[in-house]
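Take a look at the structure set out below.
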Amino acid sequence: MLRVGIVGLPNVGKSTLFNALTRRNVPAENFAFCTIEPNVSIVTIPDERLDRLARATGCAELMASQIEFVDIAGLVRNAHQGVGLGNEFLAHVRGVDMILHVVRAFEDGDVTHVEDSVDPSRDLRIIDEELVMADLALVNKYRIAEKSRARNTNDKDSIAKHAALEKLWRAMRDERKTAREAGLTPDELERLRVYEFLTLKPVLVVMNVGENGPFDRAHWEKALGHPAIPLSIRAERELSDIDDVAERAELRTSLGVDGSVDEVVRGCYDTLGLVTFYTFGKGVTRAWPIRCGTTAHEAAGMIHTDFLGTFLKAQVFSLDQICEVGEQAIRARGTFQTVGRDYAVQDGDVLWIVTSS
(Lines give C-alpha, C1' and ligand atoms only; values in the text may rest on other atoms or scores of the structure.)
Protein backbone atom coordinates (compact mmCIF):
# COMPACT_ATOMS: atom_id res chain seq x y z
CA MET A 1 0.00 0.00 0.00
CA LEU A 2 1.24 3.47 -0.88
CA ARG A 3 2.21 5.71 2.04
CA VAL A 4 1.85 9.48 2.29
CA GLY A 5 3.89 11.33 4.91
CA ILE A 6 2.40 14.52 6.39
CA VAL A 7 5.31 16.88 7.09
CA GLY A 8 5.96 20.52 7.95
CA LEU A 9 7.17 22.76 10.72
CA PRO A 10 5.78 22.15 14.21
CA ASN A 11 2.35 23.50 15.01
CA VAL A 12 1.09 24.16 11.46
CA GLY A 13 -1.89 21.77 11.59
CA LYS A 14 -0.39 18.41 10.57
CA SER A 15 -2.04 16.34 13.29
CA THR A 16 -5.34 18.17 12.89
CA LEU A 17 -5.22 17.40 9.16
CA PHE A 18 -4.41 13.77 9.96
CA ASN A 19 -7.48 13.67 12.23
CA ALA A 20 -9.65 15.22 9.52
CA LEU A 21 -8.41 12.77 6.89
CA THR A 22 -8.70 9.68 9.07
CA ARG A 23 -11.52 10.72 11.45
CA ARG A 24 -9.32 9.94 14.41
CA ASN A 25 -8.42 11.96 17.49
CA VAL A 26 -4.65 11.94 17.89
CA PRO A 27 -3.35 14.81 20.07
CA ALA A 28 -3.06 18.18 18.28
CA GLU A 29 -1.90 20.92 20.63
CA ASN A 30 -0.61 24.50 20.41
CA PHE A 31 3.02 23.65 21.15
CA ALA A 32 5.94 22.19 19.22
CA PHE A 33 6.57 18.42 19.11
CA CYS A 34 3.14 17.41 20.37
CA THR A 35 3.66 14.45 18.01
CA ILE A 36 6.74 12.31 18.63
CA GLU A 37 6.00 8.83 17.30
CA PRO A 38 4.27 8.93 13.90
CA ASN A 39 0.54 8.25 13.78
CA VAL A 40 -0.56 5.94 10.97
CA SER A 41 -3.99 5.31 9.47
CA ILE A 42 -5.53 4.04 6.22
CA VAL A 43 -7.92 6.22 4.21
CA THR A 44 -10.31 5.06 1.50
CA ILE A 45 -10.26 7.04 -1.74
CA PRO A 46 -13.69 8.42 -2.74
CA ASP A 47 -14.69 6.81 -6.06
CA GLU A 48 -18.11 7.27 -7.60
CA ARG A 49 -17.15 4.98 -10.51
CA LEU A 50 -16.73 2.07 -8.10
CA ASP A 51 -20.23 2.69 -6.72
CA ARG A 52 -21.71 2.86 -10.24
CA LEU A 53 -20.01 -0.36 -11.32
CA ALA A 54 -21.20 -2.19 -8.21
CA ARG A 55 -24.80 -1.14 -8.85
CA ALA A 56 -24.58 -2.20 -12.50
CA THR A 57 -23.06 -5.62 -11.82
CA GLY A 58 -24.86 -6.51 -8.61
CA CYS A 59 -21.52 -7.17 -6.91
CA ALA A 60 -22.38 -5.14 -3.84
CA GLU A 61 -19.30 -5.67 -1.68
CA LEU A 62 -16.92 -2.76 -2.33
CA MET A 63 -13.13 -2.83 -2.10
CA ALA A 64 -11.98 0.72 -2.73
CA SER A 65 -8.45 2.02 -3.32
CA GLN A 66 -6.67 3.03 -0.13
CA ILE A 67 -3.74 5.19 0.93
CA GLU A 68 -1.88 5.04 4.22
CA PHE A 69 -1.26 8.41 5.87
CA VAL A 70 1.61 8.94 8.31
CA ASP A 71 1.54 11.95 10.64
CA ILE A 72 5.24 12.78 11.09
CA ALA A 73 6.47 15.07 13.88
CA GLY A 74 7.44 18.61 12.92
CA LEU A 75 10.85 19.27 11.42
CA VAL A 76 12.81 22.40 12.38
CA ARG A 77 15.96 24.19 11.24
CA ASN A 78 19.04 21.95 11.52
CA ALA A 79 16.95 18.80 11.81
CA HIS A 80 19.62 17.01 9.74
CA GLN A 81 22.02 17.71 12.63
CA GLY A 82 19.65 16.08 15.09
CA VAL A 83 17.86 19.23 16.33
CA GLY A 84 14.35 18.39 17.57
CA LEU A 85 15.02 14.66 17.19
CA GLY A 86 15.42 15.54 13.51
CA ASN A 87 17.37 12.46 12.41
CA GLU A 88 14.64 10.22 13.78
CA PHE A 89 11.92 12.25 12.08
CA LEU A 90 13.82 12.31 8.77
CA ALA A 91 13.98 8.51 8.92
CA HIS A 92 10.18 8.46 9.04
CA VAL A 93 10.08 10.62 5.89
CA ARG A 94 12.31 8.11 4.08
CA GLY A 95 9.66 5.45 4.61
CA VAL A 96 6.90 7.16 2.60
CA ASP A 97 6.15 7.30 -1.13
CA MET A 98 5.20 10.97 -1.25
CA ILE A 99 5.21 14.07 0.93
CA LEU A 100 2.09 15.99 1.91
CA HIS A 101 3.61 19.28 3.05
CA VAL A 102 1.46 21.40 5.37
CA VAL A 103 2.27 25.13 5.58
CA ARG A 104 0.50 27.76 7.62
CA ALA A 105 -1.12 30.60 5.65
CA PHE A 106 -3.25 32.32 8.28
CA GLU A 107 -2.63 34.91 10.98
CA ASP A 108 -3.70 34.12 14.55
CA GLY A 109 -1.98 35.61 17.57
CA ASP A 110 -3.26 32.78 19.75
CA VAL A 111 -1.48 30.11 17.69
CA THR A 112 2.29 30.19 18.04
CA HIS A 113 4.64 29.87 15.06
CA VAL A 114 8.15 28.48 15.55
CA GLU A 115 9.53 31.12 13.15
CA ASP A 116 7.51 33.94 14.80
CA SER A 117 5.81 35.00 11.56
CA VAL A 118 3.61 33.57 8.80
CA ASP A 119 5.50 33.01 5.53
CA PRO A 120 4.52 29.88 3.56
CA SER A 121 7.38 30.15 1.04
CA ARG A 122 10.00 30.46 3.78
CA ASP A 123 8.52 27.60 5.79
CA LEU A 124 8.47 25.26 2.82
CA ARG A 125 12.05 26.16 1.99
CA ILE A 126 13.17 25.43 5.55
CA ILE A 127 11.90 21.88 5.22
CA ASP A 128 13.32 21.52 1.71
CA GLU A 129 16.75 22.60 2.95
CA GLU A 130 16.67 20.03 5.74
CA LEU A 131 15.74 17.31 3.25
CA VAL A 132 18.54 18.49 0.92
CA MET A 133 21.12 18.30 3.71
CA ALA A 134 19.88 14.85 4.70
CA ASP A 135 20.16 13.71 1.08
CA LEU A 136 23.54 15.33 0.54
CA ALA A 137 25.37 12.91 2.82
CA LEU A 138 23.87 9.95 0.97
CA VAL A 139 24.56 11.44 -2.46
CA ASN A 140 28.21 11.88 -1.50
CA LYS A 141 28.42 8.31 -0.22
CA TYR A 142 26.87 6.82 -3.34
CA ARG A 143 28.86 8.96 -5.80
CA ILE A 144 32.13 7.81 -4.23
CA ALA A 145 31.02 4.17 -4.40
CA GLU A 146 29.90 4.46 -8.04
CA LYS A 147 33.12 6.28 -8.98
CA SER A 148 35.16 3.40 -7.56
CA ARG A 149 32.97 0.80 -9.25
CA ALA A 150 33.15 2.61 -12.60
CA ARG A 151 36.94 2.90 -12.38
CA ASN A 152 37.42 -0.78 -11.49
CA THR A 153 34.89 -2.33 -13.87
CA ASN A 154 34.38 0.24 -16.64
CA ASP A 155 30.69 -0.63 -16.30
CA LYS A 156 28.56 1.73 -18.41
CA ASP A 157 25.73 1.83 -15.89
CA SER A 158 28.09 2.74 -13.04
CA ILE A 159 29.71 5.43 -15.18
CA ALA A 160 26.28 6.94 -15.95
CA LYS A 161 25.17 6.69 -12.31
CA HIS A 162 28.35 8.37 -11.10
CA ALA A 163 27.89 11.23 -13.58
CA ALA A 164 24.30 11.75 -12.43
CA LEU A 165 25.27 11.58 -8.75
CA GLU A 166 28.14 14.03 -9.33
CA LYS A 167 25.76 16.47 -11.01
CA LEU A 168 23.26 16.14 -8.16
CA TRP A 169 25.95 16.45 -5.47
CA ARG A 170 27.23 19.73 -6.89
CA ALA A 171 23.71 21.17 -7.21
CA MET A 172 22.94 20.25 -3.61
CA ARG A 173 26.30 21.24 -2.14
CA ASP A 174 26.80 24.52 -3.99
CA GLU A 175 23.23 25.75 -4.54
CA ARG A 176 21.20 23.88 -1.89
CA LYS A 177 18.91 22.63 -4.65
CA THR A 178 16.59 19.67 -4.22
CA ALA A 179 16.95 16.69 -6.55
CA ARG A 180 13.83 17.93 -8.33
CA GLU A 181 15.51 21.30 -8.97
CA ALA A 182 18.93 19.95 -10.03
CA GLY A 183 18.20 19.82 -13.76
CA LEU A 184 18.49 16.05 -13.99
CA THR A 185 17.44 14.49 -17.29
CA PRO A 186 14.70 11.81 -17.37
CA ASP A 187 17.41 9.16 -17.89
CA GLU A 188 19.40 10.47 -14.90
CA LEU A 189 16.28 10.57 -12.74
CA GLU A 190 15.45 6.99 -13.64
CA ARG A 191 18.96 5.84 -12.72
CA LEU A 192 18.78 7.58 -9.35
CA ARG A 193 15.31 6.38 -8.29
CA VAL A 194 16.88 3.28 -6.74
CA TYR A 195 18.41 5.49 -4.01
CA GLU A 196 15.03 6.87 -2.87
CA PHE A 197 16.35 10.35 -2.09
CA LEU A 198 14.00 12.45 0.02
CA THR A 199 14.00 15.35 -2.43
CA LEU A 200 12.94 13.10 -5.31
CA LYS A 201 9.69 12.19 -3.58
CA PRO A 202 6.61 13.82 -5.15
CA VAL A 203 5.16 16.70 -3.12
CA LEU A 204 1.66 18.10 -2.65
CA VAL A 205 1.25 21.22 -0.50
CA VAL A 206 -1.71 21.82 1.79
CA MET A 207 -1.99 25.49 2.73
CA ASN A 208 -3.74 25.86 6.06
CA VAL A 209 -5.73 29.00 5.33
CA GLY A 210 -7.82 29.10 8.47
CA GLU A 211 -11.14 30.66 7.53
CA ASN A 212 -9.75 33.63 5.66
CA GLY A 213 -11.98 33.40 2.59
CA PRO A 214 -10.82 33.53 -1.08
CA PHE A 215 -7.42 32.05 -1.85
CA ASP A 216 -5.28 32.63 -4.96
CA ARG A 217 -4.25 29.03 -5.64
CA ALA A 218 -2.52 29.76 -8.97
CA HIS A 219 -0.31 32.41 -7.34
CA TRP A 220 0.78 30.11 -4.54
CA GLU A 221 1.37 27.09 -6.76
CA LYS A 222 3.74 29.23 -8.83
CA ALA A 223 5.42 30.68 -5.73
CA LEU A 224 5.88 27.31 -4.03
CA GLY A 225 6.70 25.28 -7.13
CA HIS A 226 4.25 22.52 -6.22
CA PRO A 227 0.54 21.76 -6.60
CA ALA A 228 -1.24 23.39 -3.64
CA ILE A 229 -4.63 22.82 -2.04
CA PRO A 230 -6.08 25.53 0.23
CA LEU A 231 -7.77 24.02 3.25
CA SER A 232 -9.24 25.33 6.46
CA ILE A 233 -7.89 22.42 8.45
CA ARG A 234 -9.67 23.27 11.68
CA ALA A 235 -13.02 23.58 9.89
CA GLU A 236 -12.42 20.30 8.04
CA ARG A 237 -11.67 18.55 11.32
CA GLU A 238 -15.01 19.73 12.71
CA LEU A 239 -16.83 18.78 9.51
CA SER A 240 -15.30 15.29 9.54
CA ASP A 241 -17.54 14.39 12.49
CA ILE A 242 -20.58 14.72 10.20
CA ASP A 243 -21.37 11.44 8.43
CA ASP A 244 -23.68 12.80 5.74
CA VAL A 245 -21.61 13.82 2.68
CA ALA A 246 -24.22 16.26 1.34
CA GLU A 247 -24.57 17.94 4.73
CA ARG A 248 -20.78 18.34 4.99
CA ALA A 249 -20.66 19.93 1.53
CA GLU A 250 -23.52 22.31 2.39
CA LEU A 251 -21.87 23.40 5.64
CA ARG A 252 -18.53 23.87 3.88
CA THR A 253 -20.20 26.17 1.37
CA SER A 254 -21.99 28.12 4.10
CA LEU A 255 -18.67 28.65 5.90
CA GLY A 256 -17.10 29.93 2.68
CA VAL A 257 -13.95 27.83 3.07
CA ASP A 258 -11.89 26.43 0.21
CA GLY A 259 -10.89 22.82 -0.41
CA SER A 260 -11.89 19.59 1.31
CA VAL A 261 -10.18 16.51 2.71
CA ASP A 262 -11.58 14.50 -0.21
CA GLU A 263 -9.73 16.86 -2.56
CA VAL A 264 -6.54 16.25 -0.57
CA VAL A 265 -6.95 12.46 -0.85
CA ARG A 266 -7.58 12.66 -4.59
CA GLY A 267 -4.67 15.11 -4.92
CA CYS A 268 -2.34 12.56 -3.30
CA TYR A 269 -3.58 9.93 -5.74
CA ASP A 270 -2.85 12.22 -8.71
CA THR A 271 0.52 13.36 -7.32
CA LEU A 272 1.61 9.74 -7.02
CA GLY A 273 0.82 9.31 -10.72
CA LEU A 274 -1.82 6.65 -10.08
CA VAL A 275 -4.72 5.48 -12.19
CA THR A 276 -7.45 2.98 -11.33
CA PHE A 277 -8.65 -0.18 -13.01
CA TYR A 278 -11.61 -2.24 -11.83
CA THR A 279 -12.67 -5.86 -11.46
CA PHE A 280 -15.91 -7.48 -10.38
CA GLY A 281 -17.09 -10.99 -9.62
CA LYS A 282 -18.16 -13.32 -6.80
CA GLY A 283 -20.14 -10.48 -5.27
CA VAL A 284 -17.17 -8.10 -5.03
CA THR A 285 -16.41 -4.93 -7.00
CA ARG A 286 -12.85 -3.74 -6.53
CA ALA A 287 -10.78 -0.68 -7.46
CA TRP A 288 -7.06 -1.26 -8.06
CA PRO A 289 -4.61 1.67 -7.86
CA ILE A 290 -1.67 1.32 -10.25
CA ARG A 291 1.08 3.55 -11.59
CA CYS A 292 0.70 4.90 -15.11
CA GLY A 293 2.21 2.48 -17.61
CA THR A 294 1.38 -0.71 -15.67
CA THR A 295 0.88 -3.59 -18.13
CA ALA A 296 -2.04 -6.00 -18.26
CA HIS A 297 0.31 -8.81 -17.15
CA GLU A 298 1.47 -6.78 -14.12
CA ALA A 299 -2.13 -5.87 -13.26
CA ALA A 300 -3.11 -9.53 -13.45
CA GLY A 301 -0.33 -10.34 -10.97
CA MET A 302 -1.79 -7.80 -8.55
CA ILE A 303 -5.16 -9.56 -8.73
CA HIS A 304 -3.55 -12.95 -8.02
CA THR A 305 0.11 -13.90 -8.14
CA ASP A 306 -0.78 -17.17 -9.92
CA PHE A 307 -1.93 -15.11 -12.90
CA LEU A 308 1.66 -14.09 -13.60
CA GLY A 309 2.42 -17.64 -14.75
CA THR A 310 -0.94 -18.51 -16.33
CA PHE A 311 -1.81 -15.21 -18.06
CA LEU A 312 -3.06 -15.62 -21.64
CA LYS A 313 -4.86 -12.34 -22.36
CA ALA A 314 -7.06 -9.69 -20.81
CA GLN A 315 -10.50 -8.54 -21.85
CA VAL A 316 -10.98 -4.80 -21.41
CA PHE A 317 -14.48 -3.40 -20.89
CA SER A 318 -15.67 0.19 -20.81
CA LEU A 319 -17.00 0.99 -17.34
CA ASP A 320 -19.56 3.39 -18.83
CA GLN A 321 -20.78 0.69 -21.24
CA ILE A 322 -21.15 -1.87 -18.47
CA CYS A 323 -23.16 0.64 -16.47
CA GLU A 324 -25.36 1.43 -19.49
CA VAL A 325 -26.06 -1.99 -21.04
CA GLY A 326 -24.39 -4.63 -18.84
CA GLU A 327 -21.55 -7.13 -19.35
CA GLN A 328 -23.58 -9.75 -21.23
CA ALA A 329 -24.81 -7.27 -23.84
CA ILE A 330 -21.24 -6.10 -24.42
CA ARG A 331 -20.06 -9.70 -24.87
CA ALA A 332 -22.93 -10.43 -27.25
CA ARG A 333 -22.05 -7.39 -29.35
CA GLY A 334 -18.30 -8.07 -29.13
CA THR A 335 -17.60 -4.47 -28.15
CA PHE A 336 -14.95 -5.27 -25.59
CA GLN A 337 -11.20 -5.26 -26.39
CA THR A 338 -8.89 -8.28 -26.16
CA VAL A 339 -5.31 -7.33 -25.29
CA GLY A 340 -1.98 -9.02 -24.60
CA ARG A 341 0.43 -8.89 -21.71
CA ASP A 342 2.10 -5.62 -22.78
CA TYR A 343 -1.10 -3.56 -22.98
CA ALA A 344 -0.78 -0.42 -20.81
CA VAL A 345 -3.81 -0.41 -18.53
CA GLN A 346 -5.78 2.83 -18.75
CA ASP A 347 -7.62 4.72 -16.04
CA GLY A 348 -11.17 3.40 -15.76
CA ASP A 349 -10.53 0.06 -17.54
CA VAL A 350 -12.56 -2.88 -16.30
CA LEU A 351 -10.43 -6.01 -16.69
CA TRP A 352 -11.31 -9.66 -17.04
CA ILE A 353 -8.19 -11.87 -16.99
CA VAL A 354 -8.12 -15.03 -19.12
CA THR A 355 -5.66 -17.67 -17.94
CA SER A 356 -4.46 -21.09 -19.09
CA SER A 357 -5.97 -22.85 -16.09
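Naming works like this for the C-alpha coordinates: A, B, ... for the chains as they're shown, residue 1 at the start of each chain, ligands 1 onward in shown order.
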
- Query: So which bits of range 84-135 of chain A end up helix (DSSP H, G or I) when you DSSP the backbone, as number ranges by chain?
  - Reply: A: 84-94, 120-135

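Considering only C-alpha atoms, the residue among A:Leu319, A:Val345, A:Leu251, A:Val194 positioned nearest to Cys292 in chain A is A:Val345.
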
Could you make a table, as CSV, of the residues of range 223-282 of chain A that have an atom within 8 Å of an atom of range 59-65 of chain A, each with its nearest atom pair and distance in Å to one decimal, counting only C-alpha atoms, in chain and number order?
```
residue,atom,partner,partner_atom,distance
A:Phe280,CA,A:Cys59,CA,6.6
A:Gly281,CA,A:Cys59,CA,6.4
A:Lys282,CA,A:Cys59,CA,7.0
```

- Message: Neighbouring residues of Ala299 in chain A were defined as those with any atom within 12 Å, considering only C-alpha atoms; residues of the same chain fewer than 4 positions away were excluded. Please report them as an NGL selection string.
- Response: :A and (275-279 or 287-295 or 303-308 or 311 or 313-314 or 340-346 or 349-353)

Written selection (N, CA, C and O atoms) as a short mmCIF file (atom, residue, chain, number, x, y, z; two decimals), in the first residue's frame:
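Listed below is the output, result-v6.cif:
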```cif
data_model
loop_
_atom_site.label_atom_id
_atom_site.label_comp_id
_atom_site.auth_asym_id
_atom_site.auth_seq_id
_atom_site.Cartn_x
_atom_site.Cartn_y
_atom_site.Cartn_z
N VAL A 275 -3.44 5.63 -11.52
CA VAL A 275 -4.72 5.48 -12.19
C VAL A 275 -5.42 4.28 -11.57
O VAL A 275 -4.82 3.54 -10.78
N THR A 276 -6.66 4.06 -11.93
CA THR A 276 -7.45 2.98 -11.33
C THR A 276 -8.03 2.07 -12.40
O THR A 276 -8.60 2.55 -13.38
N PHE A 277 -7.86 0.76 -12.21
CA PHE A 277 -8.65 -0.18 -13.01
C PHE A 277 -9.58 -0.94 -12.06
O PHE A 277 -9.42 -0.90 -10.83
N TYR A 278 -10.57 -1.63 -12.64
CA TYR A 278 -11.61 -2.24 -11.83
C TYR A 278 -11.81 -3.70 -12.21
O TYR A 278 -11.57 -4.10 -13.35
N THR A 279 -12.25 -4.48 -11.22
CA THR A 279 -12.67 -5.86 -11.46
C THR A 279 -13.97 -6.09 -10.70
O THR A 279 -14.28 -5.36 -9.74
N ALA A 287 -11.61 -1.68 -6.78
CA ALA A 287 -10.78 -0.68 -7.46
C ALA A 287 -9.32 -0.99 -7.16
O ALA A 287 -8.96 -1.26 -6.01
N TRP A 288 -8.47 -0.93 -8.21
CA TRP A 288 -7.06 -1.26 -8.06
C TRP A 288 -6.22 -0.05 -8.44
O TRP A 288 -6.21 0.35 -9.61
N PRO A 289 -5.50 0.56 -7.50
CA PRO A 289 -4.61 1.67 -7.86
C PRO A 289 -3.32 1.15 -8.46
O PRO A 289 -2.69 0.24 -7.91
N ILE A 290 -2.91 1.72 -9.59
CA ILE A 290 -1.67 1.32 -10.25
C ILE A 290 -0.96 2.56 -10.78
O ILE A 290 -1.58 3.60 -11.00
N ARG A 291 0.34 2.44 -10.99
CA ARG A 291 1.08 3.55 -11.59
C ARG A 291 0.84 3.58 -13.09
O ARG A 291 0.62 2.53 -13.72
N CYS A 292 0.86 4.76 -13.66
CA CYS A 292 0.70 4.90 -15.11
C CYS A 292 1.74 4.04 -15.82
O CYS A 292 2.91 4.03 -15.43
N GLY A 293 1.30 3.33 -16.86
CA GLY A 293 2.21 2.48 -17.61
C GLY A 293 2.21 1.03 -17.17
O GLY A 293 2.86 0.19 -17.80
N THR A 294 1.47 0.68 -16.12
CA THR A 294 1.38 -0.71 -15.67
C THR A 294 0.77 -1.56 -16.78
O THR A 294 -0.23 -1.18 -17.39
N THR A 295 1.37 -2.72 -17.05
CA THR A 295 0.88 -3.59 -18.13
C THR A 295 -0.24 -4.50 -17.64
O THR A 295 -0.42 -4.69 -16.43
N ILE A 303 -3.90 -8.90 -9.07
CA ILE A 303 -5.16 -9.56 -8.73
C ILE A 303 -4.89 -10.90 -8.05
O ILE A 303 -5.48 -11.23 -7.02
N HIS A 304 -3.97 -11.66 -8.62
CA HIS A 304 -3.55 -12.95 -8.02
C HIS A 304 -2.18 -13.30 -8.57
O HIS A 304 -1.97 -13.29 -9.79
N THR A 305 -1.26 -13.62 -7.69
CA THR A 305 0.11 -13.90 -8.14
C THR A 305 0.17 -15.08 -9.10
O THR A 305 1.06 -15.14 -9.96
N ASP A 306 -0.76 -16.03 -9.00
CA ASP A 306 -0.78 -17.17 -9.92
C ASP A 306 -0.98 -16.73 -11.36
O ASP A 306 -0.54 -17.41 -12.30
N PHE A 307 -1.65 -15.59 -11.55
CA PHE A 307 -1.93 -15.11 -12.90
C PHE A 307 -0.67 -14.72 -13.65
O PHE A 307 -0.67 -14.67 -14.88
N LEU A 308 0.42 -14.44 -12.93
CA LEU A 308 1.66 -14.09 -13.60
C LEU A 308 2.17 -15.24 -14.46
O LEU A 308 2.74 -15.03 -15.55
N PHE A 311 -1.16 -16.27 -17.27
CA PHE A 311 -1.81 -15.21 -18.06
C PHE A 311 -1.79 -15.54 -19.55
O PHE A 311 -0.75 -15.89 -20.11
N LYS A 313 -4.40 -13.61 -21.78
CA LYS A 313 -4.86 -12.34 -22.36
C LYS A 313 -5.76 -11.66 -21.34
O LYS A 313 -6.13 -12.24 -20.30
N ALA A 314 -6.12 -10.42 -21.65
CA ALA A 314 -7.06 -9.69 -20.81
C ALA A 314 -8.17 -9.13 -21.69
O ALA A 314 -7.92 -8.71 -22.83
N GLY A 340 -3.05 -8.15 -25.06
CA GLY A 340 -1.98 -9.02 -24.60
C GLY A 340 -1.30 -8.50 -23.35
O GLY A 340 -1.70 -7.47 -22.78
N ARG A 341 -0.23 -9.17 -22.97
CA ARG A 341 0.43 -8.89 -21.71
C ARG A 341 1.05 -7.49 -21.64
O ARG A 341 1.19 -6.93 -20.56
N ASP A 342 1.41 -6.91 -22.78
CA ASP A 342 2.10 -5.62 -22.78
C ASP A 342 1.16 -4.43 -22.89
O ASP A 342 1.62 -3.28 -22.93
N TYR A 343 -0.13 -4.66 -22.92
CA TYR A 343 -1.10 -3.56 -22.98
C TYR A 343 -0.95 -2.68 -21.74
O TYR A 343 -0.90 -3.18 -20.60
N ALA A 344 -0.87 -1.36 -21.93
CA ALA A 344 -0.78 -0.42 -20.81
C ALA A 344 -2.19 -0.13 -20.31
O ALA A 344 -3.02 0.45 -21.02
N VAL A 345 -2.47 -0.56 -19.10
CA VAL A 345 -3.81 -0.41 -18.53
C VAL A 345 -4.13 1.08 -18.37
O VAL A 345 -3.31 1.87 -17.90
N GLN A 346 -5.35 1.44 -18.77
CA GLN A 346 -5.78 2.83 -18.75
C GLN A 346 -6.70 3.10 -17.56
O GLN A 346 -7.36 2.19 -17.04
N ASP A 349 -10.35 1.38 -16.91
CA ASP A 349 -10.53 0.06 -17.54
C ASP A 349 -11.16 -0.92 -16.55
O ASP A 349 -10.82 -0.92 -15.35
N VAL A 350 -12.06 -1.75 -17.07
CA VAL A 350 -12.56 -2.88 -16.30
C VAL A 350 -11.94 -4.13 -16.92
O VAL A 350 -12.13 -4.39 -18.12
N LEU A 351 -11.19 -4.89 -16.14
CA LEU A 351 -10.43 -6.01 -16.69
C LEU A 351 -11.03 -7.36 -16.31
O LEU A 351 -11.50 -7.55 -15.18
N TRP A 352 -10.98 -8.26 -17.27
CA TRP A 352 -11.31 -9.66 -17.04
C TRP A 352 -10.10 -10.46 -17.54
O TRP A 352 -9.77 -10.42 -18.72
N ILE A 353 -9.43 -11.16 -16.65
CA ILE A 353 -8.19 -11.87 -16.99
C ILE A 353 -8.51 -13.29 -17.44
O ILE A 353 -9.24 -14.01 -16.75
#
```

- Message: I'd like the interatomic distance between CA of Asp216 in chain A and CA of Ser240 in chain A, to a tenth of an Å.
- Response: 24.7 Å

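Proximity to Phe336 in chain A at 7 Å, evaluated using only C-alpha atoms and with sequence-adjacent residues fewer than 5 positions away removed, yields Gln315, Val316, Phe317, Ile330 and Arg331 of chain A.
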
- Query: Got a sec: who's within 10 Å of Val209 in chain A, counting only C-alpha atoms, leaving out chain neighbours fewer than 5 positions off, as a ChimeraX atom specification?
  - Reply: /A:103-107,214-215,229-234,257-259

- Residues flagged strand (DSSP E or B) by DSSP in range 43-264 of chain A, as number ranges by chain: A: 43-44, 61-63, 66-71, 98-104, 203-208, 228-231

- Quick one: everything within 12 Å of Glu175 in chain A, counting only C-alpha atoms, minus sequence neighbours fewer than 5 positions away in the same chain. Send it as a PyMOL selection string. chain A and resi 129+132-133+136+167-170+181-182

Write the residues you've just listed into a file as a short mmCIF file (atom, residue, chain, number, x, y, z; two decimals), in the first residue's frame, and include all heavy atoms for each of them.
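Final output, selection-v1.cif:
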```cif
data_model
loop_
_atom_site.label_atom_id
_atom_site.label_comp_id
_atom_site.auth_asym_id
_atom_site.auth_seq_id
_atom_site.Cartn_x
_atom_site.Cartn_y
_atom_site.Cartn_z
N GLU A 129 15.31 22.54 2.66
CA GLU A 129 16.75 22.60 2.95
C GLU A 129 17.19 21.49 3.89
O GLU A 129 18.29 20.93 3.75
CB GLU A 129 17.10 23.97 3.54
CG GLU A 129 17.05 25.09 2.49
CD GLU A 129 17.29 26.46 3.09
OE1 GLU A 129 17.38 26.55 4.34
OE2 GLU A 129 17.37 27.44 2.32
N VAL A 132 17.35 18.42 1.77
CA VAL A 132 18.54 18.49 0.92
C VAL A 132 19.77 18.07 1.71
O VAL A 132 20.58 17.25 1.24
CB VAL A 132 18.74 19.91 0.35
CG1 VAL A 132 20.13 20.07 -0.23
CG2 VAL A 132 17.69 20.20 -0.73
N MET A 133 19.94 18.61 2.90
CA MET A 133 21.12 18.30 3.71
C MET A 133 21.13 16.83 4.12
O MET A 133 22.19 16.19 4.19
CB MET A 133 21.17 19.20 4.94
CG MET A 133 21.35 20.67 4.62
SD MET A 133 22.79 20.99 3.56
CE MET A 133 24.13 20.50 4.65
N LEU A 136 22.19 15.02 1.00
CA LEU A 136 23.54 15.33 0.54
C LEU A 136 24.56 14.30 1.03
O LEU A 136 25.45 13.88 0.27
CB LEU A 136 23.94 16.73 1.00
CG LEU A 136 25.28 17.27 0.48
CD1 LEU A 136 25.32 17.26 -1.04
CD2 LEU A 136 25.52 18.68 1.02
N LYS A 167 26.56 15.30 -10.64
CA LYS A 167 25.76 16.47 -11.01
C LYS A 167 24.83 16.86 -9.86
O LYS A 167 24.71 18.04 -9.52
CB LYS A 167 24.96 16.14 -12.27
CG LYS A 167 24.06 17.24 -12.79
CD LYS A 167 23.38 16.77 -14.06
CE LYS A 167 22.42 17.80 -14.63
NZ LYS A 167 21.77 17.31 -15.88
N LEU A 168 24.19 15.88 -9.26
CA LEU A 168 23.26 16.14 -8.16
C LEU A 168 24.01 16.66 -6.93
O LEU A 168 23.57 17.60 -6.27
CB LEU A 168 22.50 14.86 -7.82
CG LEU A 168 21.52 14.92 -6.64
CD1 LEU A 168 20.49 16.02 -6.83
CD2 LEU A 168 20.83 13.56 -6.45
N TRP A 169 25.15 16.05 -6.63
CA TRP A 169 25.95 16.45 -5.47
C TRP A 169 26.36 17.91 -5.55
O TRP A 169 26.26 18.66 -4.58
CB TRP A 169 27.17 15.54 -5.38
CG TRP A 169 28.11 15.85 -4.24
CD1 TRP A 169 27.86 15.71 -2.91
CD2 TRP A 169 29.44 16.35 -4.35
NE1 TRP A 169 28.95 16.09 -2.18
CE2 TRP A 169 29.94 16.49 -3.04
CE3 TRP A 169 30.26 16.68 -5.43
CZ2 TRP A 169 31.22 16.95 -2.78
CZ3 TRP A 169 31.55 17.14 -5.17
CH2 TRP A 169 32.01 17.27 -3.86
N ARG A 170 26.80 18.34 -6.73
CA ARG A 170 27.23 19.73 -6.89
C ARG A 170 26.04 20.69 -6.76
O ARG A 170 26.17 21.77 -6.18
CB ARG A 170 27.92 19.91 -8.24
CG ARG A 170 29.26 19.18 -8.33
CD ARG A 170 30.00 19.45 -9.62
NE ARG A 170 31.23 18.68 -9.68
CZ ARG A 170 32.36 18.99 -9.06
NH1 ARG A 170 32.41 20.10 -8.32
NH2 ARG A 170 33.43 18.23 -9.16
N GLU A 181 15.09 20.02 -8.40
CA GLU A 181 15.51 21.30 -8.97
C GLU A 181 16.88 21.23 -9.64
O GLU A 181 17.36 22.22 -10.18
CB GLU A 181 15.58 22.36 -7.86
CG GLU A 181 14.27 22.62 -7.16
CD GLU A 181 14.44 23.41 -5.87
OE1 GLU A 181 15.54 23.35 -5.27
OE2 GLU A 181 13.47 24.10 -5.49
N ALA A 182 17.53 20.06 -9.63
CA ALA A 182 18.93 19.95 -10.03
C ALA A 182 19.14 19.85 -11.53
O ALA A 182 20.27 19.71 -11.99
CB ALA A 182 19.57 18.75 -9.34
#
```

- Task: Tell me, as an MDAnalysis selection string, which residues lie within 9 Å of Met1 in chain A, counting only C-alpha atoms; anything in the same chain fewer than 5 positions away does not count.
- Result: chainID A and resid 66:68
